[in-house]
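Novice: First the structure, which I've put down as structure tokens, then a few questions once you've had a look.
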Amino acid sequence: MLATETWQSELIARLERVMPTVEASMAVPLIEEIRELKRRRGAVVVAHNYQVPQITAGIADFTGDSLAMARFAASTDARTIVVCGVRFMAETAKLLSPDRTVLLPAADAGCSLAESVTAAGVRELRSKHPGIPVVAYVNTSAAVKAEADVCCTSGNAIEIVTALGSPRVIMLPDRYLASFVARHVACEIIAWPGACEVHERFSASDIRPYRDDAVCVLAHPECPPDVQAAADFVGSTAAMIRYLEARRPKRTLLLTECSMADNITVAHPELHFERPCNLCRHMKLVTLERVRAVLLDLNPVVEIDAEVAARARLPLLRMLAS
Ligand code: 13P
Ligand code: SF4
């Protein structure tokens with residue numbers, strides 16, 4: 001069997017774990033075309049854990065949570081970075097790799113958290129609480145990051161807030177991540193009232209039917225407090241994967257975006273996931289067809305106003321340095 005046929009059959013065998021064989025096979029010619037385009041363009045594809053397996057297993061050079069994606073973007077030698085995720089992730093990559101071409105296949109992929117806060121809103125909150133440090137979740141626009149002291153992700157928020165050593169800290173824009181952090185730190189948290197439209201839909205009643213049934217329940221810190229309180233573990237998407245790889249429960253309820261369970265099943269078919277999960281309509285705007293299009297056109301590129309970028313880069317670099 002030829003080497004190319006080997007990777008194709010191996011990929012189909014992995015994708016078949018979460019989709020019909022015909023669907024897995026139909027994706028292969030486009031995946032092959034994108035792999036060739038990546039080589040020609042000197043491009044790498046970085047994907048979030050919420051992307052579909054055709055992207056994560058088929059074309060991504062790196063898949064991870066927001067923190068790992070930022071670290072990857074800051075360290076890659078590739079001249080072109082394709083971000084399979086939403087706009088704030090592509091902006092973060094551009095801020096950390098300003099001399100690279102950053103392509104966003106879904107230029108229309110927003111985020112309810114990022115859209116809940118503006119730079120003017122941060123300035124107003126700061127004026128009400130002078131001298132209090134501002135921690136901006138990476139799920140924010142570059143303009144909002146430019147107003148912050150340091151950034152955080154769900155993977156490092158507790159450590160970032162603790163390291164500030166301040167008796168009071170402003171966290172924005174997710175009120176549920178802020179309440180999660182508040183339960184783990186000694187300082188007072190002043191929270192912006194934003195929420196993720198995907199995670200705020202979960203409630204403790206989603207968990208109740210599984211509670212007597214030896215099902216392991218994992219939740220993202222963007223879930224409401226009653227969900228977090230009823231879960232066995234709360235953490236970022238990467239932390240949830242590490243938890244499952246270490247404990248290997250037979251059945252899991254994963255209270256986050258649906259592609260997470262599919263991606264873990266592709267890697268670990270012995271793990272079994274219960275429903276419900278929720279889809280992020282923004283993440284799902286990224287498709288193989290749109291990735292091919294950006295690699296053919298080298299457009300749309302992510303561009304950030306130079307003055308905003310210079311200020312927004314600092315809180316991101318402080319986060320990566322801490
Ligand atoms: P993490 O992968 O950093 O946990 O983020 C989840 C998320 O909502 C990204 O949009
Ligand atoms: Fe934004 Fe929530 Fe979608 Fe993540 S899952 S991109 S936080 S809307």
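Chain identifiers are assigned as A, B, and so on, following the order in which chains appear in the structure tokens; residues are numbered from 1 within each chain, and ligands are numbered from 1 in order of appearance.
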Write out as a ChimeraX atom specification each polymer residue (protein, DNA or RNA) that has an atom no more than 8 Å from ligand 2, with only C-alpha atoms and all ligand atoms counted.
Specialist: /A:50,85-86,110-114,139,195-199,222,256-257,279-283
Novice: Give me the residues near Ser322 (chain A) as a PDB file with N, CA, C and O atoms, in the first residue's frame, where near means some atom within 12 Å (using only C-alpha atoms) and where sequence neighbours in that chain fewer than 5 positions away do not count.
Specialist:
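Output contents, as saved in out-v8.pdb:
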ATOM      1  N   VAL A 150      -3.473  42.561  32.296  1.00  0.00           N
ATOM      2  CA  VAL A 150      -2.975  41.221  31.982  1.00  0.00           C
ATOM      3  C   VAL A 150      -4.145  40.411  31.425  1.00  0.00           C
ATOM      4  O   VAL A 150      -5.304  40.661  31.766  1.00  0.00           O
ATOM      5  N   CYS A 151      -3.829  39.442  30.560  1.00  0.00           N
ATOM      6  CA  CYS A 151      -4.867  38.548  30.037  1.00  0.00           C
ATOM      7  C   CYS A 151      -4.841  37.234  30.809  1.00  0.00           C
ATOM      8  O   CYS A 151      -3.874  36.921  31.510  1.00  0.00           O
ATOM      9  N   CYS A 152      -5.915  36.475  30.661  1.00  0.00           N
ATOM     10  CA  CYS A 152      -5.941  35.114  31.212  1.00  0.00           C
ATOM     11  C   CYS A 152      -6.787  34.260  30.280  1.00  0.00           C
ATOM     12  O   CYS A 152      -7.489  34.775  29.406  1.00  0.00           O
ATOM     13  N   ASN A 156      -5.577  29.316  33.060  1.00  0.00           N
ATOM     14  CA  ASN A 156      -4.600  29.910  33.987  1.00  0.00           C
ATOM     15  C   ASN A 156      -5.187  31.061  34.818  1.00  0.00           C
ATOM     16  O   ASN A 156      -4.440  31.777  35.485  1.00  0.00           O
ATOM     17  N   ALA A 157      -6.511  31.248  34.785  1.00  0.00           N
ATOM     18  CA  ALA A 157      -7.128  32.428  35.423  1.00  0.00           C
ATOM     19  C   ALA A 157      -6.812  32.506  36.918  1.00  0.00           C
ATOM     20  O   ALA A 157      -6.507  33.589  37.436  1.00  0.00           O
ATOM     21  N   ILE A 158      -6.873  31.374  37.607  1.00  0.00           N
ATOM     22  CA  ILE A 158      -6.627  31.394  39.061  1.00  0.00           C
ATOM     23  C   ILE A 158      -5.186  31.844  39.330  1.00  0.00           C
ATOM     24  O   ILE A 158      -4.936  32.713  40.177  1.00  0.00           O
ATOM     25  N   GLU A 159      -4.236  31.293  38.589  1.00  0.00           N
ATOM     26  CA  GLU A 159      -2.815  31.624  38.779  1.00  0.00           C
ATOM     27  C   GLU A 159      -2.554  33.094  38.450  1.00  0.00           C
ATOM     28  O   GLU A 159      -1.814  33.778  39.147  1.00  0.00           O
ATOM     29  N   ILE A 160      -3.174  33.583  37.371  1.00  0.00           N
ATOM     30  CA  ILE A 160      -2.941  34.981  36.959  1.00  0.00           C
ATOM     31  C   ILE A 160      -3.470  35.937  38.031  1.00  0.00           C
ATOM     32  O   ILE A 160      -2.791  36.888  38.423  1.00  0.00           O
ATOM     33  N   VAL A 161      -4.676  35.688  38.536  1.00  0.00           N
ATOM     34  CA  VAL A 161      -5.266  36.578  39.554  1.00  0.00           C
ATOM     35  C   VAL A 161      -4.451  36.494  40.846  1.00  0.00           C
ATOM     36  O   VAL A 161      -4.128  37.519  41.457  1.00  0.00           O
ATOM     37  N   THR A 162      -4.074  35.287  41.253  1.00  0.00           N
ATOM     38  CA  THR A 162      -3.286  35.121  42.480  1.00  0.00           C
ATOM     39  C   THR A 162      -1.964  35.876  42.376  1.00  0.00           C
ATOM     40  O   THR A 162      -1.550  36.565  43.319  1.00  0.00           O
ATOM     41  N   ALA A 163      -1.309  35.780  41.211  1.00  0.00           N
ATOM     42  CA  ALA A 163       0.014  36.401  41.045  1.00  0.00           C
ATOM     43  C   ALA A 163      -0.052  37.927  41.151  1.00  0.00           C
ATOM     44  O   ALA A 163       0.953  38.567  41.476  1.00  0.00           O
ATOM     45  N   LEU A 164      -1.220  38.516  40.911  1.00  0.00           N
ATOM     46  CA  LEU A 164      -1.322  39.977  41.004  1.00  0.00           C
ATOM     47  C   LEU A 164      -1.131  40.458  42.448  1.00  0.00           C
ATOM     48  O   LEU A 164      -0.680  41.579  42.690  1.00  0.00           O
ATOM     49  N   PRO A 315      -0.575  42.926  27.689  1.00  0.00           N
ATOM     50  CA  PRO A 315      -1.231  41.999  28.632  1.00  0.00           C
ATOM     51  C   PRO A 315      -1.129  40.536  28.212  1.00  0.00           C
ATOM     52  O   PRO A 315      -1.081  39.643  29.071  1.00  0.00           O
ATOM     53  N   LEU A 316      -1.071  40.289  26.889  1.00  0.00           N
ATOM     54  CA  LEU A 316      -0.896  38.902  26.437  1.00  0.00           C
ATOM     55  C   LEU A 316       0.501  38.391  26.783  1.00  0.00           C
ATOM     56  O   LEU A 316       0.675  37.266  27.253  1.00  0.00           O
ATOM     57  N   LEU A 317       1.519  39.240  26.553  1.00  0.00           N
ATOM     58  CA  LEU A 317       2.897  38.828  26.864  1.00  0.00           C
ATOM     59  C   LEU A 317       3.056  38.636  28.367  1.00  0.00           C
ATOM     60  O   LEU A 317       3.745  37.710  28.813  1.00  0.00           O
TER      61      LEU A 317
END
Novice: For chain A against ligand 1, with a cut-off of 6 Å and counting only C-alpha atoms and all ligand atoms, what is the closest atom pair and its distance in Å to one decimal for every residue that makes the cut, ordered by chain and number, as a Markdown table?
Specialist:
| residue | atom | partner | partner_atom_place_in_ligand_line | distance |
| --- | --- | --- | --- | --- |
| A:Asp65 | CA | ligand 1 | 2 (O) | 3.4 |
| A:Ser66 | CA | ligand 1 | 3 (O) | 3.8 |
| A:Leu67 | CA | ligand 1 | 3 (O) | 5.8 |
| A:Thr153 | CA | ligand 1 | 3 (O) | 5.5 |
| A:Ser154 | CA | ligand 1 | 4 (O) | 5.2 |
| A:Ser236 | CA | ligand 1 | 4 (O) | 3.5 |
| A:Thr237 | CA | ligand 1 | 4 (O) | 4.1 |
Novice: Can those selected residues be exported to a file as a PDB file, in the first residue's frame so that it contains N, CA, C and O atoms?
Specialist:
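Result file selection.pdb:
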ATOM      1  N   ASP A  65      -6.481  24.201  23.751  1.00  0.00           N
ATOM      2  CA  ASP A  65      -7.328  25.240  24.341  1.00  0.00           C
ATOM      3  C   ASP A  65      -6.779  26.617  23.960  1.00  0.00           C
ATOM      4  O   ASP A  65      -5.755  26.718  23.269  1.00  0.00           O
ATOM      5  N   SER A  66      -7.434  27.671  24.427  1.00  0.00           N
ATOM      6  CA  SER A  66      -7.038  29.023  24.019  1.00  0.00           C
ATOM      7  C   SER A  66      -5.598  29.331  24.440  1.00  0.00           C
ATOM      8  O   SER A  66      -4.862  29.998  23.708  1.00  0.00           O
ATOM      9  N   LEU A  67      -5.196  28.847  25.610  1.00  0.00           N
ATOM     10  CA  LEU A  67      -3.845  29.116  26.106  1.00  0.00           C
ATOM     11  C   LEU A  67      -2.799  28.419  25.231  1.00  0.00           C
ATOM     12  O   LEU A  67      -1.818  29.035  24.798  1.00  0.00           O
ATOM     13  N   THR A 153      -6.672  32.947  30.462  1.00  0.00           N
ATOM     14  CA  THR A 153      -7.589  32.013  29.806  1.00  0.00           C
ATOM     15  C   THR A 153      -8.243  31.210  30.928  1.00  0.00           C
ATOM     16  O   THR A 153      -7.866  31.359  32.099  1.00  0.00           O
ATOM     17  N   SER A 154      -9.165  30.322  30.554  1.00  0.00           N
ATOM     18  CA  SER A 154      -9.769  29.497  31.604  1.00  0.00           C
ATOM     19  C   SER A 154      -8.725  28.548  32.191  1.00  0.00           C
ATOM     20  O   SER A 154      -8.902  28.029  33.283  1.00  0.00           O
ATOM     21  N   SER A 236     -10.621  24.130  32.027  1.00  0.00           N
ATOM     22  CA  SER A 236     -10.553  24.514  30.610  1.00  0.00           C
ATOM     23  C   SER A 236     -10.710  23.267  29.742  1.00  0.00           C
ATOM     24  O   SER A 236     -10.644  22.129  30.244  1.00  0.00           O
ATOM     25  N   THR A 237     -10.840  23.463  28.444  1.00  0.00           N
ATOM     26  CA  THR A 237     -11.004  22.294  27.566  1.00  0.00           C
ATOM     27  C   THR A 237      -9.783  21.377  27.656  1.00  0.00           C
ATOM     28  O   THR A 237      -9.921  20.156  27.716  1.00  0.00           O
TER      29      THR A 237
END
Novice: Mind listing the strand (DSSP E or B) residues of region 216-315 of chain A, per DSSP on the backbone, as an MDAnalysis selection string?
Specialist: chainID A and resid 216:219 233:234 251:255 257 272:274 278 301
Novice: Select from region 53-125 of chain A every residue with an atom at most 10 Å from any atom of region 285-298 of chain A, then for each give the shortest pair of atoms and their distance in Å to one decimal, using only C-alpha atoms, rows by chain and rising number, as a tab-separated table.
Specialist:
residue	atom	partner	partner_atom	distance
A:Gln54	CA	A:Leu288	CA	7.6
A:Ile55	CA	A:Leu288	CA	6.8
A:Gly58	CA	A:Leu288	CA	9.4
A:Ile59	CA	A:Leu288	CA	8.7
A:Thr80	CA	A:Leu298	CA	8.9
A:Ile81	CA	A:Leu295	CA	9.9
A:Val82	CA	A:Val291	CA	7.8
A:Val83	CA	A:Val291	CA	9.1
A:Cys84	CA	A:Val286	CA	6.3
A:Gly85	CA	A:Val286	CA	7.0
A:Val86	CA	A:Val286	CA	8.4
A:Thr101	CA	A:Leu298	CA	8.4
A:Val102	CA	A:Leu298	CA	9.0
A:Leu103	CA	A:Val294	CA	6.6
A:Leu104	CA	A:Val294	CA	7.4
A:Pro105	CA	A:Val291	CA	5.2
A:Ala106	CA	A:Val286	CA	5.3
A:Ala107	CA	A:Leu285	CA	8.9
A:Asp108	CA	A:Leu285	CA	7.7
A:Ala109	CA	A:Leu285	CA	6.3
A:Gly110	CA	A:Leu285	CA	9.6
Novice: Suppose we keep N, CA, C and O atoms; can you now write the selection as an mmCIF file, in the first residue's frame?
Specialist:
data_model
loop_
_atom_site.group_PDB
_atom_site.id
_atom_site.type_symbol
_atom_site.label_atom_id
_atom_site.label_comp_id
_atom_site.auth_asym_id
_atom_site.auth_seq_id
_atom_site.Cartn_x
_atom_site.Cartn_y
_atom_site.Cartn_z
ATOM 1 N N GLN A 54 -12.928 16.532 11.326
ATOM 2 C CA GLN A 54 -12.340 16.624 9.980
ATOM 3 C C GLN A 54 -11.217 17.666 9.981
ATOM 4 O O GLN A 54 -10.240 17.538 9.236
ATOM 5 N N ILE A 55 -11.361 18.694 10.814
ATOM 6 C CA ILE A 55 -10.329 19.744 10.916
ATOM 7 C C ILE A 55 -9.232 19.333 11.898
ATOM 8 O O ILE A 55 -8.045 19.366 11.577
ATOM 9 N N GLY A 58 -7.851 15.961 10.650
ATOM 10 C CA GLY A 58 -7.521 15.940 9.213
ATOM 11 C C GLY A 58 -6.443 16.922 8.805
ATOM 12 O O GLY A 58 -5.540 16.559 8.022
ATOM 13 N N ILE A 59 -6.491 18.153 9.315
ATOM 14 C CA ILE A 59 -5.576 19.175 8.765
ATOM 15 C C ILE A 59 -4.807 19.969 9.813
ATOM 16 O O ILE A 59 -3.885 20.713 9.470
ATOM 17 N N THR A 80 2.876 31.558 7.641
ATOM 18 C CA THR A 80 1.426 31.760 7.592
ATOM 19 C C THR A 80 0.756 30.870 8.640
ATOM 20 O O THR A 80 1.091 29.683 8.743
ATOM 21 N N ILE A 81 -0.151 31.465 9.405
ATOM 22 C CA ILE A 81 -0.878 30.711 10.440
ATOM 23 C C ILE A 81 -2.371 30.774 10.098
ATOM 24 O O ILE A 81 -2.933 31.866 9.985
ATOM 25 N N VAL A 82 -2.983 29.612 9.927
ATOM 26 C CA VAL A 82 -4.438 29.562 9.700
ATOM 27 C C VAL A 82 -5.085 29.212 11.034
ATOM 28 O O VAL A 82 -4.768 28.167 11.625
ATOM 29 N N VAL A 83 -5.965 30.093 11.522
ATOM 30 C CA VAL A 83 -6.591 29.854 12.825
ATOM 31 C C VAL A 83 -7.995 29.281 12.607
ATOM 32 O O VAL A 83 -8.889 29.980 12.109
ATOM 33 N N CYS A 84 -8.164 28.018 12.965
ATOM 34 C CA CYS A 84 -9.489 27.400 12.913
ATOM 35 C C CYS A 84 -10.114 27.594 14.291
ATOM 36 O O CYS A 84 -9.910 26.803 15.220
ATOM 37 N N GLY A 85 -10.833 28.689 14.411
ATOM 38 C CA GLY A 85 -11.439 29.100 15.672
ATOM 39 C C GLY A 85 -12.185 30.378 15.401
ATOM 40 O O GLY A 85 -12.585 30.637 14.260
ATOM 41 N N VAL A 86 -12.363 31.189 16.433
ATOM 42 C CA VAL A 86 -13.121 32.435 16.271
ATOM 43 C C VAL A 86 -12.172 33.639 16.231
ATOM 44 O O VAL A 86 -10.972 33.513 16.440
ATOM 45 N N THR A 101 1.639 36.112 8.522
ATOM 46 C CA THR A 101 0.304 36.267 7.944
ATOM 47 C C THR A 101 -0.642 35.368 8.726
ATOM 48 O O THR A 101 -0.410 34.156 8.799
ATOM 49 N N VAL A 102 -1.677 35.956 9.316
ATOM 50 C CA VAL A 102 -2.660 35.152 10.054
ATOM 51 C C VAL A 102 -3.968 35.153 9.270
ATOM 52 O O VAL A 102 -4.513 36.218 8.955
ATOM 53 N N LEU A 103 -4.425 33.964 8.940
ATOM 54 C CA LEU A 103 -5.648 33.811 8.150
ATOM 55 C C LEU A 103 -6.762 33.262 9.025
ATOM 56 O O LEU A 103 -6.543 32.324 9.803
ATOM 57 N N LEU A 104 -7.950 33.853 8.880
ATOM 58 C CA LEU A 104 -9.122 33.410 9.639
ATOM 59 C C LEU A 104 -10.169 32.925 8.634
ATOM 60 O O LEU A 104 -10.815 33.735 7.965
ATOM 61 N N PRO A 105 -10.324 31.586 8.505
ATOM 62 C CA PRO A 105 -11.264 31.071 7.485
ATOM 63 C C PRO A 105 -12.687 31.592 7.659
ATOM 64 O O PRO A 105 -13.404 31.749 6.683
ATOM 65 N N ALA A 106 -13.095 31.838 8.912
ATOM 66 C CA ALA A 106 -14.453 32.345 9.143
ATOM 67 C C ALA A 106 -14.347 33.752 9.716
ATOM 68 O O ALA A 106 -14.353 33.946 10.928
ATOM 69 N N ALA A 107 -14.244 34.727 8.815
ATOM 70 C CA ALA A 107 -14.089 36.123 9.249
ATOM 71 C C ALA A 107 -15.297 36.582 10.057
ATOM 72 O O ALA A 107 -15.223 37.540 10.819
ATOM 73 N N ASP A 108 -16.427 35.872 9.902
ATOM 74 C CA ASP A 108 -17.664 36.233 10.597
ATOM 75 C C ASP A 108 -17.825 35.498 11.934
ATOM 76 O O ASP A 108 -18.876 35.583 12.567
ATOM 77 N N ALA A 109 -16.794 34.784 12.375
ATOM 78 C CA ALA A 109 -16.920 33.980 13.602
ATOM 79 C C ALA A 109 -16.658 34.837 14.835
ATOM 80 O O ALA A 109 -15.520 35.119 15.187
ATOM 81 N N GLY A 110 -17.730 35.238 15.492
ATOM 82 C CA GLY A 110 -17.621 36.088 16.677
ATOM 83 C C GLY A 110 -17.622 35.267 17.954
ATOM 84 O O GLY A 110 -17.217 34.106 17.979
#
Novice: Find the residues around Pro133 (chain A) up to 7 Å (only C-alpha atoms counted), leave out those fewer than 4 positions away in its own chain, and share them as JSON, numbers by chain.
Specialist: {"A": [149, 169, 170]}
Novice: As a PyMOL selection string, please: the residues near Glu270 (chain A) (cut-off 12 Å, only C-alpha atoms, same-chain neighbours under 3 positions excluded).
Specialist: chain A and resi 17+244-245+248-252+264-267+273
Novice: Selected residues, N, CA, C and O atoms, written as an mmCIF file, in the first residue's frame, please.
Specialist:
data_model
loop_
_atom_site.group_PDB
_atom_site.id
_atom_site.type_symbol
_atom_site.label_atom_id
_atom_site.label_comp_id
_atom_site.auth_asym_id
_atom_site.auth_seq_id
_atom_site.Cartn_x
_atom_site.Cartn_y
_atom_site.Cartn_z
ATOM 1 N N ARG A 17 -15.065 6.742 13.965
ATOM 2 C CA ARG A 17 -15.487 6.579 15.364
ATOM 3 C C ARG A 17 -16.598 7.554 15.739
ATOM 4 O O ARG A 17 -17.285 7.350 16.735
ATOM 5 N N LEU A 244 -9.652 13.400 31.830
ATOM 6 C CA LEU A 244 -10.195 12.149 31.286
ATOM 7 C C LEU A 244 -9.084 11.166 30.934
ATOM 8 O O LEU A 244 -9.226 9.958 31.141
ATOM 9 N N GLU A 245 -7.964 11.672 30.411
ATOM 10 C CA GLU A 245 -6.853 10.776 30.064
ATOM 11 C C GLU A 245 -6.253 10.139 31.320
ATOM 12 O O GLU A 245 -5.799 8.997 31.286
ATOM 13 N N ARG A 248 -9.824 8.062 33.023
ATOM 14 C CA ARG A 248 -10.489 7.136 32.098
ATOM 15 C C ARG A 248 -11.829 6.593 32.608
ATOM 16 O O ARG A 248 -12.049 5.373 32.680
ATOM 17 N N PRO A 249 -12.772 7.487 32.979
ATOM 18 C CA PRO A 249 -14.082 6.992 33.419
ATOM 19 C C PRO A 249 -14.810 6.308 32.265
ATOM 20 O O PRO A 249 -14.596 6.655 31.099
ATOM 21 N N LYS A 250 -15.675 5.351 32.602
ATOM 22 C CA LYS A 250 -16.380 4.599 31.537
ATOM 23 C C LYS A 250 -17.393 5.487 30.817
ATOM 24 O O LYS A 250 -17.559 5.403 29.608
ATOM 25 N N ARG A 251 -18.092 6.335 31.587
ATOM 26 C CA ARG A 251 -19.117 7.217 30.980
ATOM 27 C C ARG A 251 -18.915 8.638 31.496
ATOM 28 O O ARG A 251 -18.698 8.841 32.696
ATOM 29 N N THR A 252 -19.036 9.601 30.572
ATOM 30 C CA THR A 252 -18.773 11.000 30.934
ATOM 31 C C THR A 252 -19.857 11.904 30.358
ATOM 32 O O THR A 252 -20.281 11.728 29.217
ATOM 33 N N ILE A 264 -12.314 13.844 21.478
ATOM 34 C CA ILE A 264 -11.727 12.915 22.459
ATOM 35 C C ILE A 264 -12.013 11.472 22.024
ATOM 36 O O ILE A 264 -11.159 10.593 22.146
ATOM 37 N N THR A 265 -13.205 11.221 21.474
ATOM 38 C CA THR A 265 -13.536 9.871 21.009
ATOM 39 C C THR A 265 -12.619 9.438 19.874
ATOM 40 O O THR A 265 -12.219 8.264 19.796
ATOM 41 N N VAL A 266 -12.275 10.374 18.973
ATOM 42 C CA VAL A 266 -11.362 10.044 17.871
ATOM 43 C C VAL A 266 -10.021 9.556 18.438
ATOM 44 O O VAL A 266 -9.437 8.588 17.952
ATOM 45 N N ALA A 267 -9.566 10.207 19.505
ATOM 46 C CA ALA A 267 -8.273 9.828 20.103
ATOM 47 C C ALA A 267 -8.404 8.649 21.067
ATOM 48 O O ALA A 267 -7.469 7.849 21.202
ATOM 49 N N PHE A 273 -19.350 9.082 25.827
ATOM 50 C CA PHE A 273 -19.913 10.362 26.256
ATOM 51 C C PHE A 273 -21.430 10.360 26.163
ATOM 52 O O PHE A 273 -22.000 9.910 25.169
#
Novice: Going by DSSP on the backbone, which bits of region 30-65 of chain A are alpha helix (DSSP H)? Write them as a list in words, please.
Specialist: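 Residues meeting the alpha helix (DSSP H) criterion: Leu30, Ile31, Glu32, Glu33, Ile34, Arg35, Glu36, Leu37, Lys38, Arg39, Arg40, Arg41, Pro53, Gln54, Ile55 and Thr56 of chain A.
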Novice: Kindly indicate which residue among A:Ser203, A:Val18, A:His48, A:Ile304 lies nearest to Pro269 (chain A), using only C-alpha atoms for the distances.
Specialist: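 Among the listed residues, A:Val18 lies closest to Pro269 (chain A).
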Novice: A:Val135, A:Ala261, A:Cys277, A:Cys187: which is nearest Asp206 (chain A), counting only C-alpha atoms?
Specialist: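 For Asp206 (chain A), the nearest of the given residues is A:Cys277.
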